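As stored in my_file.txt (compact mmCIF, C-alpha atoms):
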# COMPACT_ATOMS: atom_id res chain seq x y z
CA MET A 1 -14.73 33.64 -45.20
CA ALA A 2 -11.88 31.28 -46.14
CA LEU A 3 -9.67 32.94 -43.52
CA LEU A 4 -12.33 32.42 -40.87
CA THR A 5 -12.71 28.78 -41.92
CA HIS A 6 -9.04 27.97 -41.36
CA THR A 7 -8.57 30.01 -38.19
CA PRO A 8 -8.46 27.74 -35.09
CA ALA A 9 -11.05 28.41 -32.45
CA VAL A 10 -9.63 30.39 -29.55
CA SER A 11 -10.91 30.35 -26.00
CA PRO A 12 -10.13 33.38 -23.86
CA ALA A 13 -9.24 31.06 -21.00
CA ARG A 14 -6.96 28.53 -22.65
CA GLY A 15 -6.05 29.73 -26.14
CA PRO A 16 -6.18 27.53 -29.28
CA ASP A 17 -7.85 24.16 -28.87
CA VAL A 18 -5.36 21.35 -28.53
CA PRO A 19 -5.82 17.59 -28.53
CA ALA A 20 -6.71 16.18 -25.13
CA ALA A 21 -3.55 14.03 -25.10
CA ALA A 22 -1.42 17.17 -25.42
CA ARG A 23 -2.88 18.81 -22.31
CA LEU A 24 -1.17 18.40 -18.97
CA PRO A 25 1.69 16.33 -20.45
CA SER A 26 3.25 15.92 -17.02
CA LEU A 27 0.35 13.63 -16.07
CA ARG A 28 0.71 11.25 -19.02
CA HIS A 29 3.08 8.88 -17.24
CA LEU A 30 1.64 9.31 -13.74
CA GLY A 31 0.82 5.69 -12.95
CA PRO A 32 -1.17 4.10 -10.10
CA ASN A 33 2.12 3.23 -8.36
CA TRP A 34 2.23 6.84 -7.09
CA TYR A 35 -0.42 5.95 -4.50
CA ALA A 36 2.38 4.11 -2.70
CA THR A 37 3.56 7.53 -1.48
CA VAL A 38 0.24 7.95 0.33
CA MET A 39 0.32 4.47 1.82
CA GLY A 40 3.91 4.81 2.95
CA THR A 41 3.27 8.17 4.59
CA ALA A 42 0.03 7.22 6.35
CA ILE A 43 1.54 4.09 7.87
CA VAL A 44 4.25 6.19 9.54
CA ALA A 45 1.54 8.07 11.45
CA SER A 46 -0.40 4.93 12.42
CA ALA A 47 2.69 2.94 13.41
CA GLY A 48 4.19 5.82 15.38
CA ALA A 49 0.99 6.34 17.36
CA GLY A 50 0.93 2.69 18.41
CA LEU A 51 4.45 2.44 19.78
CA PRO A 52 4.48 1.12 23.36
CA PHE A 53 7.05 3.72 24.45
CA ALA A 54 6.29 7.33 25.38
CA VAL A 55 8.39 9.54 23.12
CA PRO A 56 8.00 13.31 23.73
CA GLY A 57 6.52 15.06 20.70
CA LEU A 58 5.96 11.84 18.73
CA ARG A 59 2.16 12.17 18.79
CA ALA A 60 2.33 15.70 17.34
CA VAL A 61 4.70 14.50 14.61
CA CYS A 62 2.31 11.67 13.77
CA VAL A 63 -0.55 14.17 13.40
CA VAL A 64 1.55 16.23 10.97
CA VAL A 65 2.46 13.11 8.98
CA TRP A 66 -1.22 12.10 8.84
CA ALA A 67 -2.13 15.55 7.50
CA LEU A 68 0.60 15.18 4.87
CA SER A 69 -0.76 11.79 3.79
CA ALA A 70 -4.29 13.21 3.51
CA ALA A 71 -3.00 16.09 1.38
CA LEU A 72 -1.04 13.69 -0.82
CA LEU A 73 -4.17 11.58 -1.30
CA ALA A 74 -6.20 14.61 -2.39
CA VAL A 75 -3.49 15.74 -4.83
CA LEU A 76 -3.04 12.29 -6.35
CA LEU A 77 -6.77 11.63 -6.72
CA THR A 78 -7.04 14.90 -8.63
CA ALA A 79 -3.94 14.21 -10.73
CA ARG A 80 -5.03 10.68 -11.57
CA ALA A 81 -8.47 11.98 -12.59
CA GLY A 82 -6.67 14.32 -14.99
CA HIS A 83 -4.64 11.37 -16.24
CA TRP A 84 -7.80 9.44 -17.11
CA LEU A 85 -9.47 12.53 -18.58
CA TYR A 86 -6.66 13.69 -20.86
CA HIS A 87 -4.57 10.55 -21.36
CA ARG A 88 -7.15 7.80 -21.51
CA ASP A 89 -5.13 5.85 -24.06
CA GLN A 90 -2.20 5.67 -21.67
CA ALA A 91 -4.48 4.76 -18.76
CA ARG A 92 -5.91 1.86 -20.74
CA ALA A 93 -2.40 0.82 -21.74
CA HIS A 94 -1.49 0.68 -18.03
CA LEU A 95 -4.37 -1.72 -17.39
CA LEU A 96 -3.12 -4.00 -20.17
CA ASP A 97 0.49 -3.83 -19.00
CA PRO A 98 1.22 -6.75 -16.61
CA ALA A 99 3.98 -4.69 -14.97
CA VAL A 100 1.70 -1.74 -14.16
CA ALA A 101 -1.82 -3.10 -13.70
CA PRO A 102 -1.21 -4.71 -10.26
CA PHE A 103 -0.39 -1.25 -8.88
CA TYR A 104 -4.09 -0.39 -9.07
CA GLY A 105 -4.28 -2.16 -5.73
CA CYS A 106 -2.40 0.81 -4.28
CA LEU A 107 -5.43 3.07 -4.86
CA ALA A 108 -7.63 1.06 -2.50
CA MET A 109 -4.86 0.73 0.07
CA ALA A 110 -4.13 4.47 -0.02
CA LEU A 111 -7.76 5.24 0.84
CA LEU A 112 -7.75 2.65 3.61
CA ALA A 113 -4.39 3.75 5.06
CA VAL A 114 -5.44 7.38 5.30
CA GLY A 115 -8.81 6.36 6.75
CA GLY A 116 -7.15 4.29 9.45
CA ALA A 117 -4.64 7.02 10.29
CA THR A 118 -7.52 9.52 10.51
CA LEU A 119 -9.17 7.53 13.27
CA VAL A 120 -5.88 6.74 15.05
CA VAL A 121 -4.29 10.22 15.08
CA GLY A 122 -6.44 12.54 12.96
CA ARG A 123 -9.09 12.55 15.68
CA ASP A 124 -6.79 14.85 17.68
CA VAL A 125 -7.57 17.52 15.09
CA LEU A 126 -10.99 16.56 13.74
CA GLY A 127 -12.59 15.15 16.85
CA VAL A 128 -13.70 11.55 17.27
CA ARG A 129 -17.09 11.92 15.61
CA THR A 130 -15.72 13.50 12.42
CA ALA A 131 -12.76 11.11 12.34
CA VAL A 132 -15.12 8.14 12.51
CA ALA A 133 -17.22 9.56 9.67
CA VAL A 134 -14.15 10.17 7.47
CA ASP A 135 -12.77 6.72 8.20
CA ALA A 136 -16.14 5.10 7.47
CA VAL A 137 -16.30 6.75 4.04
CA LEU A 138 -12.71 5.89 3.16
CA PHE A 139 -13.10 2.37 4.55
CA GLY A 140 -16.26 1.71 2.55
CA THR A 141 -14.84 3.14 -0.67
CA GLY A 142 -11.46 1.48 -0.26
CA THR A 143 -12.96 -1.90 0.58
CA LEU A 144 -15.32 -1.85 -2.39
CA LEU A 145 -12.53 -0.81 -4.76
CA GLY A 146 -10.21 -3.38 -3.23
CA LEU A 147 -12.66 -6.22 -3.81
CA VAL A 148 -13.22 -5.15 -7.42
CA ILE A 149 -9.48 -4.86 -8.04
CA ALA A 150 -8.79 -8.20 -6.32
CA VAL A 151 -10.97 -9.82 -8.99
CA ALA A 152 -10.35 -7.59 -12.01
CA ILE A 153 -6.54 -7.61 -12.04
CA PRO A 154 -6.15 -11.40 -11.65
CA TYR A 155 -8.82 -11.75 -14.35
CA LEU A 156 -6.74 -9.58 -16.68
CA MET A 157 -3.65 -11.58 -15.78
CA VAL A 158 -5.42 -14.77 -16.81
CA VAL A 159 -7.14 -13.66 -20.02
CA ARG A 160 -4.98 -10.77 -21.30
CA HIS A 161 -1.58 -10.51 -19.63
CA ARG A 162 -0.68 -14.22 -19.57
CA PRO A 163 2.69 -13.67 -17.84
CA GLU A 164 5.39 -16.32 -17.95
CA PRO A 165 6.54 -18.05 -14.73
CA ALA A 166 9.88 -16.25 -15.07
CA GLY A 167 7.96 -12.97 -14.81
CA ALA A 168 6.50 -13.72 -11.38
CA SER A 169 6.93 -10.66 -9.20
CA PRO A 170 6.06 -9.53 -5.67
CA VAL A 171 4.04 -6.80 -7.39
CA TRP A 172 1.44 -9.47 -8.09
CA LEU A 173 0.51 -9.33 -4.41
CA LEU A 174 -0.73 -5.73 -4.55
CA PRO A 175 -4.25 -6.39 -5.88
CA ILE A 176 -4.96 -9.10 -3.30
CA VAL A 177 -3.49 -7.42 -0.20
CA SER A 178 -5.99 -4.56 -0.03
CA PRO A 179 -8.76 -6.73 1.55
CA MET A 180 -6.28 -7.51 4.34
CA VAL A 181 -5.80 -3.78 4.88
CA SER A 182 -9.60 -3.48 5.02
CA ALA A 183 -9.68 -6.14 7.73
CA ALA A 184 -7.19 -4.20 9.84
CA VAL A 185 -8.82 -0.80 9.31
CA GLY A 186 -12.33 -2.19 9.78
CA SER A 187 -11.40 -3.34 13.28
CA LEU A 188 -11.03 0.32 14.29
CA LEU A 189 -14.66 0.97 13.40
CA VAL A 190 -16.17 -2.01 15.24
CA PRO A 191 -16.45 -0.31 18.67
CA HIS A 192 -18.11 2.73 17.07
CA LEU A 193 -21.11 0.75 15.78
CA PRO A 194 -24.15 0.13 17.97
CA ALA A 195 -23.95 -3.15 19.86
CA GLY A 196 -25.75 -6.01 18.17
CA GLN A 197 -25.99 -7.41 14.68
CA GLY A 198 -24.19 -4.55 12.94
CA ARG A 199 -21.11 -4.71 15.16
CA GLU A 200 -20.87 -8.50 14.93
CA ALA A 201 -21.39 -8.41 11.15
CA LEU A 202 -18.52 -5.94 10.70
CA LEU A 203 -16.24 -8.01 12.92
CA LEU A 204 -16.93 -11.28 11.08
CA GLY A 205 -16.85 -9.47 7.74
CA CYS A 206 -13.34 -8.29 8.55
CA TYR A 207 -12.34 -11.88 9.32
CA ALA A 208 -13.77 -12.88 5.93
CA LEU A 209 -11.65 -10.20 4.26
CA PHE A 210 -8.66 -11.50 6.22
CA GLY A 211 -9.26 -15.04 4.95
CA LEU A 212 -9.86 -13.92 1.38
CA SER A 213 -6.56 -12.08 1.22
CA LEU A 214 -4.59 -14.67 3.17
CA LEU A 215 -5.57 -17.60 0.97
CA ALA A 216 -4.95 -15.60 -2.20
CA THR A 217 -1.52 -14.61 -0.85
CA LEU A 218 -0.68 -18.24 -0.10
CA THR A 219 -1.26 -19.08 -3.77
CA MET A 220 1.11 -16.32 -4.90
CA LEU A 221 4.04 -16.71 -2.52
CA PRO A 222 5.27 -20.05 -3.93
CA LEU A 223 5.30 -18.54 -7.42
CA ILE A 224 7.39 -15.60 -6.22
CA PHE A 225 9.91 -17.64 -4.27
CA GLY A 226 10.04 -20.26 -7.03
CA ARG A 227 10.87 -17.55 -9.56
CA LEU A 228 13.78 -16.35 -7.38
CA VAL A 229 15.20 -19.82 -6.94
CA ALA A 230 14.76 -20.90 -10.56
CA HIS A 231 15.67 -17.64 -12.34
CA GLY A 232 17.87 -15.72 -9.92
CA PRO A 233 17.54 -12.21 -8.47
CA LEU A 234 15.02 -9.71 -9.80
CA PRO A 235 16.16 -6.93 -12.15
CA LEU A 236 17.95 -4.18 -10.24
CA ALA A 237 15.16 -1.62 -10.47
CA LEU A 238 12.59 -4.15 -9.25
CA THR A 239 14.63 -5.55 -6.34
CA PRO A 240 13.04 -3.28 -3.65
CA ALA A 241 9.68 -4.85 -4.56
CA LEU A 242 10.79 -7.90 -2.57
CA PHE A 243 9.77 -5.94 0.52
CA LEU A 244 6.16 -6.09 -0.72
CA VAL A 245 5.95 -9.65 0.58
CA LEU A 246 6.14 -8.19 4.09
CA GLY A 247 2.81 -6.43 3.47
CA PRO A 248 0.42 -9.39 3.76
CA LEU A 249 2.54 -10.89 6.55
CA GLY A 250 2.61 -7.82 8.76
CA GLN A 251 -0.90 -6.69 7.85
CA SER A 252 -2.45 -10.08 8.60
CA THR A 253 -0.75 -10.12 12.02
CA THR A 254 -2.05 -6.61 12.63
CA ALA A 255 -5.55 -7.53 11.49
CA VAL A 256 -6.01 -10.58 13.70
CA GLY A 257 -4.49 -8.74 16.68
CA GLN A 258 -6.70 -5.68 16.34
CA LEU A 259 -9.82 -7.75 15.64
CA ALA A 260 -9.14 -9.86 18.72
CA GLY A 261 -8.85 -6.66 20.74
CA VAL A 262 -12.37 -5.53 19.81
CA ALA A 263 -13.96 -8.99 19.65
CA PRO A 264 -15.24 -8.89 23.28
CA THR A 265 -17.47 -5.95 22.33
CA ALA A 266 -19.09 -7.87 19.47
CA VAL A 267 -19.22 -11.59 20.24
CA GLY A 268 -19.61 -13.86 23.26
CA GLY A 269 -16.85 -14.55 25.74
CA ALA A 270 -15.93 -18.01 24.42
CA TYR A 271 -15.50 -16.75 20.86
CA ALA A 272 -13.65 -13.66 22.04
CA ARG A 273 -11.16 -15.75 24.02
CA ALA A 274 -10.65 -18.07 21.05
CA LEU A 275 -9.99 -15.12 18.74
CA GLY A 276 -7.54 -13.68 21.24
CA ALA A 277 -5.63 -16.96 21.33
CA PHE A 278 -5.70 -17.15 17.52
CA ALA A 279 -4.11 -13.69 17.29
CA VAL A 280 -1.04 -14.96 19.16
CA VAL A 281 -0.92 -18.48 17.71
CA TYR A 282 -1.13 -17.06 14.18
CA GLY A 283 0.80 -13.82 14.62
CA VAL A 284 4.00 -15.06 16.26
CA PRO A 285 4.96 -17.63 13.56
CA VAL A 286 4.01 -15.23 10.75
CA MET A 287 6.10 -12.47 12.32
CA GLY A 288 8.99 -14.90 12.46
CA PHE A 289 8.68 -15.60 8.73
CA ALA A 290 8.37 -11.86 8.08
CA LEU A 291 11.71 -11.28 9.80
CA LEU A 292 13.27 -14.05 7.73
CA TRP A 293 11.95 -12.49 4.52
CA LEU A 294 13.10 -9.05 5.68
CA ALA A 295 16.65 -10.34 6.10
CA LEU A 296 16.62 -12.07 2.70
CA SER A 297 15.19 -9.00 0.95
CA ALA A 298 17.68 -6.68 2.64
CA ALA A 299 20.57 -8.87 1.50
CA LEU A 300 19.33 -8.82 -2.10
CA VAL A 301 18.81 -5.04 -1.96
CA VAL A 302 22.40 -4.56 -0.74
CA ARG A 303 23.55 -6.75 -3.62
CA ALA A 304 21.52 -4.65 -6.06
CA LEU A 305 22.95 -1.40 -4.65
CA ARG A 306 26.45 -2.73 -5.14
CA GLY A 307 25.43 -3.62 -8.68
CA GLY A 308 24.40 -0.03 -9.44
CA MET A 309 20.70 0.09 -8.53
CA ARG A 310 19.35 3.64 -8.71
CA PHE A 311 16.28 5.25 -7.21
CA THR A 312 12.90 4.39 -8.68
CA MET A 313 9.38 4.52 -7.28
CA THR A 314 9.78 0.88 -6.20
CA TRP A 315 11.79 2.22 -3.25
CA TRP A 316 8.45 3.07 -1.62
CA ALA A 317 8.25 -0.67 -0.95
CA PHE A 318 10.57 0.10 1.97
CA THR A 319 7.71 1.93 3.73
CA PHE A 320 4.19 0.48 3.93
CA PRO A 321 5.18 -3.21 4.12
CA VAL A 322 7.69 -2.48 6.89
CA GLY A 323 5.05 -0.34 8.62
CA THR A 324 2.64 -3.27 8.73
CA CYS A 325 5.33 -5.29 10.51
CA VAL A 326 5.63 -2.45 13.04
CA THR A 327 1.90 -2.51 13.75
CA GLY A 328 1.96 -6.32 13.81
CA ALA A 329 4.71 -6.31 16.45
CA GLU A 330 2.77 -3.67 18.42
CA VAL A 331 -0.42 -5.72 18.65
CA LEU A 332 1.53 -8.86 19.54
CA ALA A 333 3.24 -6.93 22.32
CA ARG A 334 -0.14 -5.83 23.67
CA HIS A 335 -1.56 -9.36 23.60
CA THR A 336 1.49 -11.08 25.11
CA GLY A 337 3.03 -8.37 27.27
CA LEU A 338 6.50 -9.33 26.00
CA VAL A 339 9.04 -6.51 26.24
CA ALA A 340 11.03 -8.16 23.44
CA LEU A 341 8.16 -7.52 21.04
CA GLU A 342 7.97 -3.91 22.18
CA TRP A 343 11.64 -3.45 21.31
CA LEU A 344 11.08 -5.26 18.01
CA ALA A 345 8.33 -2.75 17.17
CA ALA A 346 10.65 0.14 18.04
CA GLY A 347 13.47 -1.27 15.93
CA LEU A 348 11.20 -1.84 12.93
CA PHE A 349 9.79 1.68 13.33
CA THR A 350 13.32 3.07 13.11
CA LEU A 351 13.77 1.07 9.90
CA LEU A 352 10.44 2.44 8.63
CA LEU A 353 11.53 6.03 9.26
CA SER A 354 14.79 5.40 7.42
CA GLY A 355 12.99 3.87 4.44
CA TRP A 356 10.44 6.68 4.31
CA SER A 357 13.13 9.37 4.47
CA VAL A 358 15.13 7.81 1.63
CA ALA A 359 12.04 7.23 -0.55
CA ALA A 360 10.65 10.72 0.09
CA TRP A 361 13.98 12.41 -0.68
CA GLY A 362 14.43 10.42 -3.88
CA THR A 363 10.88 11.25 -4.97
CA LEU A 364 11.33 14.98 -4.37
CA ARG A 365 14.60 14.96 -6.35
CA GLY A 366 12.96 13.04 -9.17
CA LEU A 367 10.00 15.41 -9.28
CA PHE A 368 12.13 18.54 -9.41
CA SER A 369 14.39 17.05 -12.08
CA GLY A 370 11.42 15.76 -14.08
CA ALA A 371 12.88 12.27 -14.26
CA LEU A 372 10.02 10.50 -12.46
CA LEU A 373 7.29 11.90 -14.71
CA ALA A 374 9.23 11.45 -17.96
CA ALA A 375 8.37 8.78 -20.49
CA PRO A 376 9.99 5.44 -19.59
CA ARG A 377 13.13 4.67 -21.51
CA VAL A 378 13.00 1.88 -24.06
CA PRO A 379 15.57 -0.69 -22.93
CA ARG A 380 18.36 -1.54 -25.31
CA PRO A 381 18.24 -5.07 -26.70
CA ALA A 382 20.50 -7.40 -24.76
CA THR A 383 23.33 -8.93 -26.74
CA ALA A 384 24.75 -11.30 -24.16
CA ARG A 385 24.28 -12.45 -20.62
CA THR A 386 27.28 -11.44 -18.55
CA ARG A 387 26.33 -12.72 -15.12
Just dump the structure as structure tokens.
Amino acid sequence: MALLTHTPAVSPARGPDVPAAARLPSLRHLGPNWYATVMGTAIVASAGAGLPFAVPGLRAVCVVVWALSAALLAVLLTARAGHWLYHRDQARAHLLDPAVAPFYGCLAMALLAVGGATLVVGRDVLGVRTAVAVDAVLFGTGTLLGLVIAVAIPYLMVVRHRPEPAGASPVWLLPIVSPMVSAAVGSLLVPHLPAGQGREALLLGCYALFGLSLLATLTMLPLIFGRLVAHGPLPLALTPALFLVLGPLGQSTTAVGQLAGVAPTAVGGAYARALGAFAVVYGVPVMGFALLWLALSAALVVRALRGGMRFTMTWWAFTFPVGTCVTGAEVLARHTGLVALEWLAAGLFTLLLSGWSVAAWGTLRGLFSGALLAAPRVPRPATARTR
């Protein structure tokens, strides 16, 4: 009897019982920032499909990229569920970590990005009716999550994280950008609703999401730029995050342009014309600032590379934010008819492809080597400031 008492219970399927934290150890350090791979892949499909130039085979490539983003989303949702199931202590620690918690905004944006790409290019495979249904589900879920995250993460920053001004980071934008993505993706669904109150409500609701995100972004941008001016460049590993500022700029331009395009189906002619004018009056100056920030960020990234910056998951910031600038330039080209904006969209799309290729290759190498899923290294205490 004593032997039976001290013998561990054995399950035919999994062997001796082990603590939950010891199961699936590879998932322990799988943070919410991994959803950036989904966002960055889906935007390639959406941006490529909207290019004003006819490129042979591009549409088929975009469909393949969309399918890859959908598969990545399914894998990551499953993996992150395992993370919360078996490593709940680490998941809670991520929420209380001011450097990690803002990345929860990537979950909502991943759902929205795949939903939008499904309706833009996935309909070639699924059919329009199914694509609309999938997008509606992902849009509704992503928007609801995005609104919760847009409140919850700033709340944690105020009452628990309490970051110093010197710690201001472009990552802070992630929780408040997702409603802007909802505004852009929601515009795709407007024409598929029955004419009347429902269609108008969705259109104006998307403008409300646009305003919510825009005003929140305007409160954050001075903090981010002020931190750069007052405290110098970001740490090397975080430098690519500067590209995140392009996200709300490009996405807001995309949102107002796409909403103006569908406004005539939902509101009266006077309002529709006013919204069309607003898309250009707002979008052109914001795109100009986006190009300025792109040049500044690129210069700081080159400086960081010369200083020894190595690949981290922050390199995915080279994808989705740049992709929103591509879609922003595309809608401006459609509203103005300017060939210069068409070429700008093509040039930015080339930059997007380059960023995606580099980020994807680095991620694959890090996965196979195990470096990206390993426990983060504890930094050595600094003894002196050298530069």
Atom-to-atom span, atom CA of Ala131 of chain A and atom CA of Leu147 of chain A, Å: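 These atoms are spaced 23.7 Å apart.
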Minimum-distance residue to Arg92 of chain A, chosen among A:Gly283, A:Gly31, A:Leu300, A:Ala45 (using all atoms listed in the file): A:Gly31
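You will find atom CA of Leu341 of chain A at 24.3 Å from atom CA of Ser182 of chain A.
Interatomic distance, atom CA of Val171 of chain A against atom CA of Leu203 of chain A: 28.7 Å.
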Non-local contacts of segment 370-374 of chain A (9 Å; only C-alpha atoms; under 4 positions in same chain excluded) as a ChimeraX atom specification: /A:26-30,312-313,363,365-366
Polymer residues at most 9 Å from Val65 of chain A, all atoms listed in the file, same-chain spacing of 4 or more positions, as a ChimeraX atom specification: /A:41-42,44-45,60-61,69-70
Can you sort out the box for segment 258-269 of chain A, edges along x, y and z, all listed atoms in, 3 Å on every side, with centre and edge lengths in Å to one decimal, as AutoDock Vina command-line options?
--center_x -13.2 --center_y -10.0 --center_z 20.7 --size_x 18.9 --size_y 15.0 --size_z 16.1
Kindly extract all protein, DNA and RNA residues lying within 6 Å of the coordinates (3.2, 0.7, -10.0) given in the file, considering only C-alpha atoms, and supply them as a ChimeraX atom specification. /A:32-33,100,103
Using all atoms listed in the file, which residue out of A:Pro191, A:Gln197, A:Pro25, A:Phe53 lies closest to Leu344 of chain A?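 Checking each of A:Pro191, A:Gln197, A:Pro25, A:Phe53 against Leu344 of chain A, counting all atoms listed in the file, the winner is A:Phe53.
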Find the residues near Phe225 of chain A: any atom within 12 Å, counting all atoms listed in the file, skip ones fewer than 2 places away on the same chain, and give them as a PyMOL selection string. chain A and resi 165-170+218-223+227-234+242+245+293+296-297
Close residues, Arg59 of chain A itself excluded, 9 Å, only C-alpha atoms, min 4 positions apart in chain, as a list in words: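 Contacts, in chain order: Ala45, Gly48, Ala49, Val55, Val63, Val64 and Val121 of chain A.
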Can you pull out every residue within 9 Å of Val322 of chain A, counting all atoms listed in the file, but drop anything in the same chain fewer than 5 positions away, and send it as a list in words?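 After dropping sequence-adjacent residues, the list is Phe243, Leu244, Leu246, Gly247, Gly250, Leu294, Ala317, Thr327, Leu348, Phe349, Leu351, Leu352 and Gly355 of chain A.
Among the candidates A:Gly288, A:Gly308, A:Gly116, A:Pro154, the one nearest to Ala47 of chain A when counting only C-alpha atoms is A:Gly116.
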Of the residues A:Pro264, A:Gly82, A:Pro52, A:Gly40, which is the one nearest to Trp343 of chain A, using all atoms listed in the file?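 So, comparing all the options, the nearest one is A:Pro52.
In this comparison, which uses only C-alpha atoms, the residue of A:Leu51, A:Ala237, A:Ala266, A:Val38 approaching Val75 of chain A most closely is A:Val38.
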